[in-house]
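Read the structure below first, then the notes.
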Amino acid sequence: MNAPNSNLGATRWIGKRVPRKEDPRLLTGRGQFVDDVTLPGMLHVAFARSPIARGRIVSIDTQVARELPGVHAVLTMADLAARPIKLLSFFFTEAEVPITPLADGHVSYAGEPVVLVAAETRAQAEDAASLVEIEYEELDPVVTIAQAKVAAPIHPGVDSNVAAEIGDEEVEDELEDKLAGSALRLSHRIVHQRISQSPMETRGVLASRDGPEELTLRITCQSPHLVARWVSLALGLPDTAIRVIAKDVGGSFGLKNHPWKEESAVIVAALLMGKPLKWIEDRYEALTASNQAREAEMTLQAGFDAQGRLTGSHGIYDCNNGAFPQGADSNIAVHMFVWAAYRVPAYAFVSRGWYTNTNGLAAYRGPWAMESLVRETMLDRAARQLGIDPIEIRRRNLVYLKDQPMVTSMGIPLDDITPGECLEKLLDHFDMAAFRREQAAARAEGRYLGVGIASYVEPTGSAGSMAPMTGELAQVRIEPTGKVTATLSTHSQGHGTATTMAQCIADRLGVRYEDVTVFEGDSTRGGFSPGAAGSRQGVIAGGAAIRCSEMLADKVRTLAAHLLNASVESVVIDEGTVRVEGAPEMARPLAEIAAIAYGEPDRLPPGFESGLEMQFRYQPPPMTFTSATHLAVVEVDAETGFVKILRWISSEDCGTVINPAVVEGQISGGLAQAIGMVLLEEMPYDARGNPQAATFKDYMLPSISDVPTFEFVHANTPSKSIGGMRGVGEGGAIIGPPTLVNAIADALTPFGELGDVVLPLTPARILDVIEQRDVSGFYAPEPVKVEAAVAEPVAAAPEPVAEAPAVPSAGPEGDWNMVLKTPMGPQAMVAHFDIEGTALSGYLSAPEGRQDFAGGTVEGNRLRFDLKVEKPMKITLKYDLEIGGDSITGKCKMGMFGSAKVTGERA
Amino acid sequence: MSEHAIALTLNGQRRDAVVEARTSLADYLRLDAGCTGVHLGCEHGVCGACTVMVDGRAVRSCLMLAVQADGSTVTTVEGLAAPDGTFHPVQQAMREAHGLQCGFCTPGVLMTFAALTGGEAKASEDSLVSAMSGHICRCTGYQGIRRAAKALAEGTVGAGGAE
Ligand code: FES
Ligand code: FES
């Protein structure tokens, strides 16, 4: 933490539970969500969507729809093609498979938009969309991960259904020896269901072309700046011609990071038609046609010695990416953080994302959360098998402050994480011995209580390693009236950043919280940042607001010292009054100083810039860790399989707390979502690829009766970022699921081991354990499901055959167009190889620059070389490639990121 | 499509309108009457965001047709605060309790609270909390809503009861 400014006023605003700035308008119905805005001449959009998961579009007949009164346009992809747009990932990379706003010739998931209708009212648009006639030639869909593994590629032009891949399948000898020599070698599997993010405000956009090349978007999103940048790159329009406004947003949780198919279609149609177009998704579309999240499976192996100390571990992760993910993802973060809080000598992994004919994958609060779920539930399972207390097994493996600085087995440097300290602090608030007595007594009465604990660390406030993850900007101004206004790069979808940032500013500037107004929600205000992404705003924007306010306070003090003939050191700003220490008669209202700063240039010190405004962009440390341990107590009804949560304690360390009510609100919201994931929520698909939950009666969100009162224990170890904050946006959704699953597993121990976990833990699945039979039907052998799911056996993907060069091809020398499948998306480059005997040199060149290498080797068709890179961090890339005629395949080992696939062709 | 003339008292003012038979009360309030504080979270009666008061009772305006409101008195979130801007106790309770984040579910929550605490009978904390099981909030985990219910039942709003 930075040295406290000795001239700070006496009143502290950081750390206070102040009422939120956002609330008065939201409590009186004066919020401004995208659907609340109406523009003159605005038309409403509805889509005709694919009723099948996979097929070829044979014909589209729009005639009847076009003739309906009020209809202005009925557009297909052929019409939209007049204004090209490239749908990009969150990292602004292009997808491997073409993604068009409307379906182009074929459909790849049920609900894919095929035709856009614009009409004078929403009702007319929906009526017309239902009259569009589309004929399809249906194909068998690939729905599950298991099917994707054996089916022919769903997308033309790709060699398999692997959307993204990283790591190594085989456990290397050294790790295998460690696992084999362990007292306990455990393999633990989690099958995580598909989740619909379900913000209460669905997606929506109002696009208006304000000039030939000028575009104003009102869109529900996570950062107007990120959307402006994304649209600018997607359309090839300059940034300055795009204005994105999102005043109030009704939740997002990862879903609304950036526009996708429907929003892009509306933007393009608005550019083509020159009329403002509004599309507001209805809940049926939101559940069945929006992007979704989480469907993934993970098998974690770990070895333990007889005392329960970890000896090594290996993880296999598979994730359903759907047809058009918002960035093909094999989720490297799962592996980077699975053991980040634990001392594990070695870890290796393989990770794959799979294309299927289902809705695309988008982010959801803590997208890598599987790591905590699989690890923490495995630790409890191991503890039971070894006869060790679950608390003890954590104590023996967790990283405590005394163990740091250290570097994890995945190469992550740690110097101030406190999951162990959070555990100890939690236990001060919970009498475990008393609970165990209560549990034993209850069991004797046929009541099944259980306690679960789980620990973790969470990477927050990440900056500098990926294109969108920048620093944050604060611009703070003392107006001539003495009131303070600020524009920030932050954005709230409920986060209350106008509140927390105002607290930071008031605290460091020495003004009243009531006198600070923060403006956000408009890409023309403040500067670029990705907004609410990766639990970053409190950490980075908070640091920016603090430093910027301190700089501005210094400017005020310089001016006041000059005007009052005092020393700068003696000037203090407190509650909006500028005082000189020891001379109370010289106190002046800040407004008086401000009026002079703007209006009386003659009175300013020489060289003093008039006005009172400052800006500061904060580039924080690359990553800031938040730690936590949670505890839940449940009762499982052995008759019905229902779970009641009796108590929940969160013991977390998020450093400096700006506003405890906001911090607790973030954790509570995440925990409610965790309860939903463990007990209630599920977006199932049928065998033909139809999403099965179309209303909130089928997709069950937690209600007030499902969520207990949460208790909070805060540890406050300041981080190294300015202000000492640590991010807290996603943690509840990450640590909640294992806490609850562990409590349920503990309650069920009289009946047996919960074992591998299939979410959600519905009453039927819990009865499977209690009654030791397959009540839910889920555990039926997988092959039966696969055959029932696919009408005709799907042809297996052809084994890659080493191509025998038909014509004698040239050697490896020369240029190759290569693609490296990195965790951040495919990276295209040109490789150039020079060969002398068996020595290989050359370069790789990409738009970002060219890198030379030497010292490589050639053995027959095999090329090996190393390349040192600085970004996203210092690692050595080890390429191992094989030439087959005019194509090239192989791997690139990327240090802690594992290996990535390389493919390419002769240029 | 048949059109119908209706008349109602909305937030204390008489309004006459002509609506299509299929227009929901929610759409009428949002699109014709300008009450955009009425939020649509599901349009099928589950989420509660669209709740308004019709003749003093909490009603899901997405499930009621505008023509059915003919002749009634309707209050939306815009009509809760006093004309001078003083918050209604339910607004005050939610503010003190940090009962909202994004605020999308909030108008519905407020109207149900208002309908249950407005009459003579004093609503218990339990009855307020169980009424809240008809409102989905995706943001808050219901912690502040629960505190607001307690403060309303105990009459401690404005005295730090909800904090
Ligand atoms: S919109 Fe009426 S209950 Fe959801
Ligand atoms: S505050 Fe966002 S849904 Fe309730």
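How things are named: the first chain in the structure tokens is A, the next is B, and so on; residues count from 1 in each chain; ligands count from 1 in the order shown.
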
**Prompt:** If you count only C-alpha atoms, which residues fall within 12 Å of A:Val757, apart from same-chain ones fewer than 4 positions away, as a VMD selection string?
**Reply:** chain A and resid 188 to 193 297 to 299 370 373 to 378 381 678 to 679 737 to 738 741 to 742 744 to 745 753 761 to 762 765 to 766 768 to 769 778 to 779

**Asked** Could you write out as a ChimeraX atom specification the residues of chain B within 9 Å of chain A, counting only C-alpha atoms?
**Response** /B:30-31,34-47,49,76-81,87,91-92,94-107,110,129-130,132-146,163

Selected residues written out, C-alpha atoms, as a CSV table (one decimal), in the first residue's frame:
chain,number,residue,atom,x,y,z
B,30,ARG,CA,-44.6,1.3,-20.4
B,31,LEU,CA,-45.4,2.3,-24.0
B,34,GLY,CA,-44.6,6.4,-20.1
B,35,CYS,CA,-44.2,4.4,-16.8
B,36,THR,CA,-40.9,2.8,-17.8
B,37,GLY,CA,-40.3,1.9,-14.1
B,38,VAL,CA,-42.6,-1.1,-14.8
B,39,HIS,CA,-40.0,-3.7,-15.7
B,40,LEU,CA,-40.5,-6.8,-17.8
B,41,GLY,CA,-38.3,-9.7,-16.6
B,42,CYS,CA,-40.2,-12.7,-18.0
B,43,GLU,CA,-43.6,-11.7,-19.3
B,44,HIS,CA,-45.0,-15.0,-18.0
B,45,GLY,CA,-45.8,-14.2,-14.4
B,46,VAL,CA,-42.8,-15.7,-12.6
B,47,CYS,CA,-40.2,-13.0,-11.9
B,49,ALA,CA,-40.5,-7.4,-11.8
B,76,THR,CA,-46.7,2.1,-10.3
B,77,VAL,CA,-43.3,2.7,-8.8
B,78,GLU,CA,-43.4,6.2,-10.2
B,79,GLY,CA,-46.4,6.9,-7.9
B,80,LEU,CA,-44.9,5.7,-4.6
B,81,ALA,CA,-43.0,8.7,-3.4
B,87,PHE,CA,-39.6,8.4,-0.2
B,91,GLN,CA,-38.3,2.9,-0.8
B,92,GLN,CA,-36.6,4.1,2.3
B,94,MET,CA,-34.8,-0.8,0.5
B,95,ARG,CA,-32.3,2.1,0.3
B,96,GLU,CA,-31.2,1.7,3.9
B,97,ALA,CA,-31.0,-2.0,3.6
B,98,HIS,CA,-28.9,-2.0,0.4
B,99,GLY,CA,-31.7,-4.0,-1.0
B,100,LEU,CA,-30.8,-3.5,-4.7
B,101,GLN,CA,-27.9,-3.7,-7.1
B,102,CYS,CA,-28.9,-3.4,-10.7
B,103,GLY,CA,-32.4,-2.2,-9.7
B,104,PHE,CA,-34.2,-4.2,-12.4
B,105,CYS,CA,-36.3,-6.3,-10.0
B,106,THR,CA,-36.7,-3.5,-7.5
B,107,PRO,CA,-39.9,-1.8,-8.7
B,110,LEU,CA,-41.3,-2.2,-3.9
B,129,VAL,CA,-40.4,-12.6,3.3
B,130,SER,CA,-42.7,-15.3,1.9
B,132,MET,CA,-40.8,-12.1,-1.7
B,133,SER,CA,-40.5,-15.7,-2.9
B,134,GLY,CA,-42.6,-14.4,-5.8
B,135,HIS,CA,-39.8,-12.0,-6.8
B,136,ILE,CA,-36.6,-13.1,-8.6
B,137,CYS,CA,-33.5,-11.0,-7.9
B,138,ARG,CA,-30.4,-12.3,-9.8
B,139,CYS,CA,-28.1,-9.8,-8.2
B,140,THR,CA,-28.4,-9.4,-4.4
B,141,GLY,CA,-28.9,-12.9,-3.0
B,142,TYR,CA,-31.9,-11.3,-1.2
B,143,GLN,CA,-29.9,-10.2,1.8
B,144,GLY,CA,-31.0,-6.6,1.7
B,145,ILE,CA,-34.5,-7.4,0.7
B,146,ARG,CA,-34.8,-9.6,3.8
B,163,GLU,CA,-28.9,-1.2,8.0

**Message:** I need the alpha helix (DSSP H) residues of stretch 501-654 of chain A per DSSP on the backbone, written as number ranges by chain.
**Reply:** A: 501-509, 542-564, 590-599

**Item:** strand (DSSP E or B) call set, DSSP backbone run, stretch 685-752 of chain A, as a ChimeraX atom specification
**Value:** /A:685,691,710-715,725

**Request:** Can you work out which one of B:Ala131, B:Ala148, B:Val109, B:Ala26 has the shortest atom-to-atom distance to ligand 2, counting only C-alpha atoms and all ligand atoms?
**Result:**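 Closest candidate: B:Val109.
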
**Prompt:** atom CA of B:Ala58 and atom CA of B:Ala153, how far apart in Å?
**Reply:**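 Rounded to one decimal, the two atoms are 17.7 Å apart.
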
**Message:** Report as a VMD selection string all protein, DNA and RNA residues lying within 8 Å of A:Glu213, evaluated on only C-alpha atoms, omitting residues in the same chain fewer than 2 positions from it.
**Reply:** chain A and resid 209 to 211 215 237 241

Selection to disk with all heavy atoms, as a PDB file, in the first residue's frame:
ATOM      1  N   ARG A 209     -28.201   5.137 -36.836  1.00  0.00           N
ATOM      2  CA  ARG A 209     -27.180   5.724 -37.703  1.00  0.00           C
ATOM      3  C   ARG A 209     -27.426   7.210 -37.732  1.00  0.00           C
ATOM      4  O   ARG A 209     -28.446   7.679 -38.224  1.00  0.00           O
ATOM      5  CB  ARG A 209     -27.294   5.130 -39.114  1.00  0.00           C
ATOM      6  CG  ARG A 209     -26.076   5.413 -39.971  1.00  0.00           C
ATOM      7  CD  ARG A 209     -26.256   4.889 -41.367  1.00  0.00           C
ATOM      8  NE  ARG A 209     -27.070   5.822 -42.156  1.00  0.00           N
ATOM      9  CZ  ARG A 209     -27.456   5.592 -43.404  1.00  0.00           C
ATOM     10  NH1 ARG A 209     -27.146   4.448 -43.994  1.00  0.00           N
ATOM     11  NH2 ARG A 209     -28.167   6.486 -44.064  1.00  0.00           N
ATOM     12  N   ASP A 210     -26.480   7.971 -37.182  1.00  0.00           N
ATOM     13  CA  ASP A 210     -26.718   9.405 -37.038  1.00  0.00           C
ATOM     14  C   ASP A 210     -26.083  10.227 -38.143  1.00  0.00           C
ATOM     15  O   ASP A 210     -26.265  11.417 -38.230  1.00  0.00           O
ATOM     16  CB  ASP A 210     -26.216   9.879 -35.677  1.00  0.00           C
ATOM     17  CG  ASP A 210     -27.042   9.249 -34.562  1.00  0.00           C
ATOM     18  OD1 ASP A 210     -28.200   8.896 -34.828  1.00  0.00           O
ATOM     19  OD2 ASP A 210     -26.523   9.085 -33.453  1.00  0.00           O
ATOM     20  N   GLY A 211     -25.318   9.619 -38.959  1.00  0.00           N
ATOM     21  CA  GLY A 211     -24.717  10.285 -40.106  1.00  0.00           C
ATOM     22  C   GLY A 211     -24.250   9.171 -40.998  1.00  0.00           C
ATOM     23  O   GLY A 211     -24.409   8.011 -40.638  1.00  0.00           O
ATOM     24  N   LEU A 215     -22.515   6.223 -35.666  1.00  0.00           N
ATOM     25  CA  LEU A 215     -23.385   5.217 -35.085  1.00  0.00           C
ATOM     26  C   LEU A 215     -23.538   5.471 -33.592  1.00  0.00           C
ATOM     27  O   LEU A 215     -22.548   5.635 -32.889  1.00  0.00           O
ATOM     28  CB  LEU A 215     -22.738   3.848 -35.326  1.00  0.00           C
ATOM     29  CG  LEU A 215     -23.433   2.622 -34.777  1.00  0.00           C
ATOM     30  CD1 LEU A 215     -24.750   2.382 -35.494  1.00  0.00           C
ATOM     31  CD2 LEU A 215     -22.531   1.403 -34.946  1.00  0.00           C
ATOM     32  N   LEU A 237     -15.115   0.784 -38.510  1.00  0.00           N
ATOM     33  CA  LEU A 237     -15.451   2.211 -38.382  1.00  0.00           C
ATOM     34  C   LEU A 237     -14.494   2.814 -37.369  1.00  0.00           C
ATOM     35  O   LEU A 237     -14.162   2.166 -36.395  1.00  0.00           O
ATOM     36  CB  LEU A 237     -16.866   2.383 -37.820  1.00  0.00           C
ATOM     37  CG  LEU A 237     -18.064   2.466 -38.744  1.00  0.00           C
ATOM     38  CD1 LEU A 237     -19.314   2.690 -37.912  1.00  0.00           C
ATOM     39  CD2 LEU A 237     -17.904   3.584 -39.753  1.00  0.00           C
ATOM     40  N   ALA A 241     -16.419   7.571 -34.432  1.00  0.00           N
ATOM     41  CA  ALA A 241     -17.726   7.651 -35.069  1.00  0.00           C
ATOM     42  C   ALA A 241     -18.753   6.824 -34.315  1.00  0.00           C
ATOM     43  O   ALA A 241     -19.895   6.728 -34.715  1.00  0.00           O
ATOM     44  CB  ALA A 241     -17.633   7.182 -36.514  1.00  0.00           C
TER      45      ALA A 241
END

**Item:** Spatial neighbours of stretch 344-357 of chain A, max dist 7 Å, only C-alpha atoms, sep filter under 3 positions, as number ranges by chain
**Value:** A: 53-54, 108-109, 141-145, 148, 154, 161-169, 175, 310-323, 328-330, 339, 409, 689

**Message:** Ranking B:Gly12, B:Gly119, B:Pro89, B:Pro83 by minimum distance to B:Arg57 and counting only C-alpha atoms, which one comes first?
**Reply:** B:Gly119

**Prompt:** Which value, in Å to one decimal, gives the distance between atom CA of A:Ala498 and atom CA of A:Gln615?
**Reply:**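 Distance reported for this atom pair: 16.9 Å.
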
**Asked** Can you tell me how far atom CA of A:His225 sits from atom CA of A:Ala474, in Å to one decimal?
**Response** 13.8 Å

**Request:** Can you work out which one of B:Ala114, B:Val19, B:Val52, B:Ile6 has the shortest atom-to-atom distance to ligand 1, counting only C-alpha atoms and all ligand atoms?
**Result:**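 Smallest separation from ligand 1 among the options: B:Val52.
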
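Minimum atom-to-atom distances from B:Leu65, B:His4, B:Ser124, B:Gly108 to ligand 2 were compared using only C-alpha atoms and all ligand atoms, and the lowest value belongs to B:Gly108.
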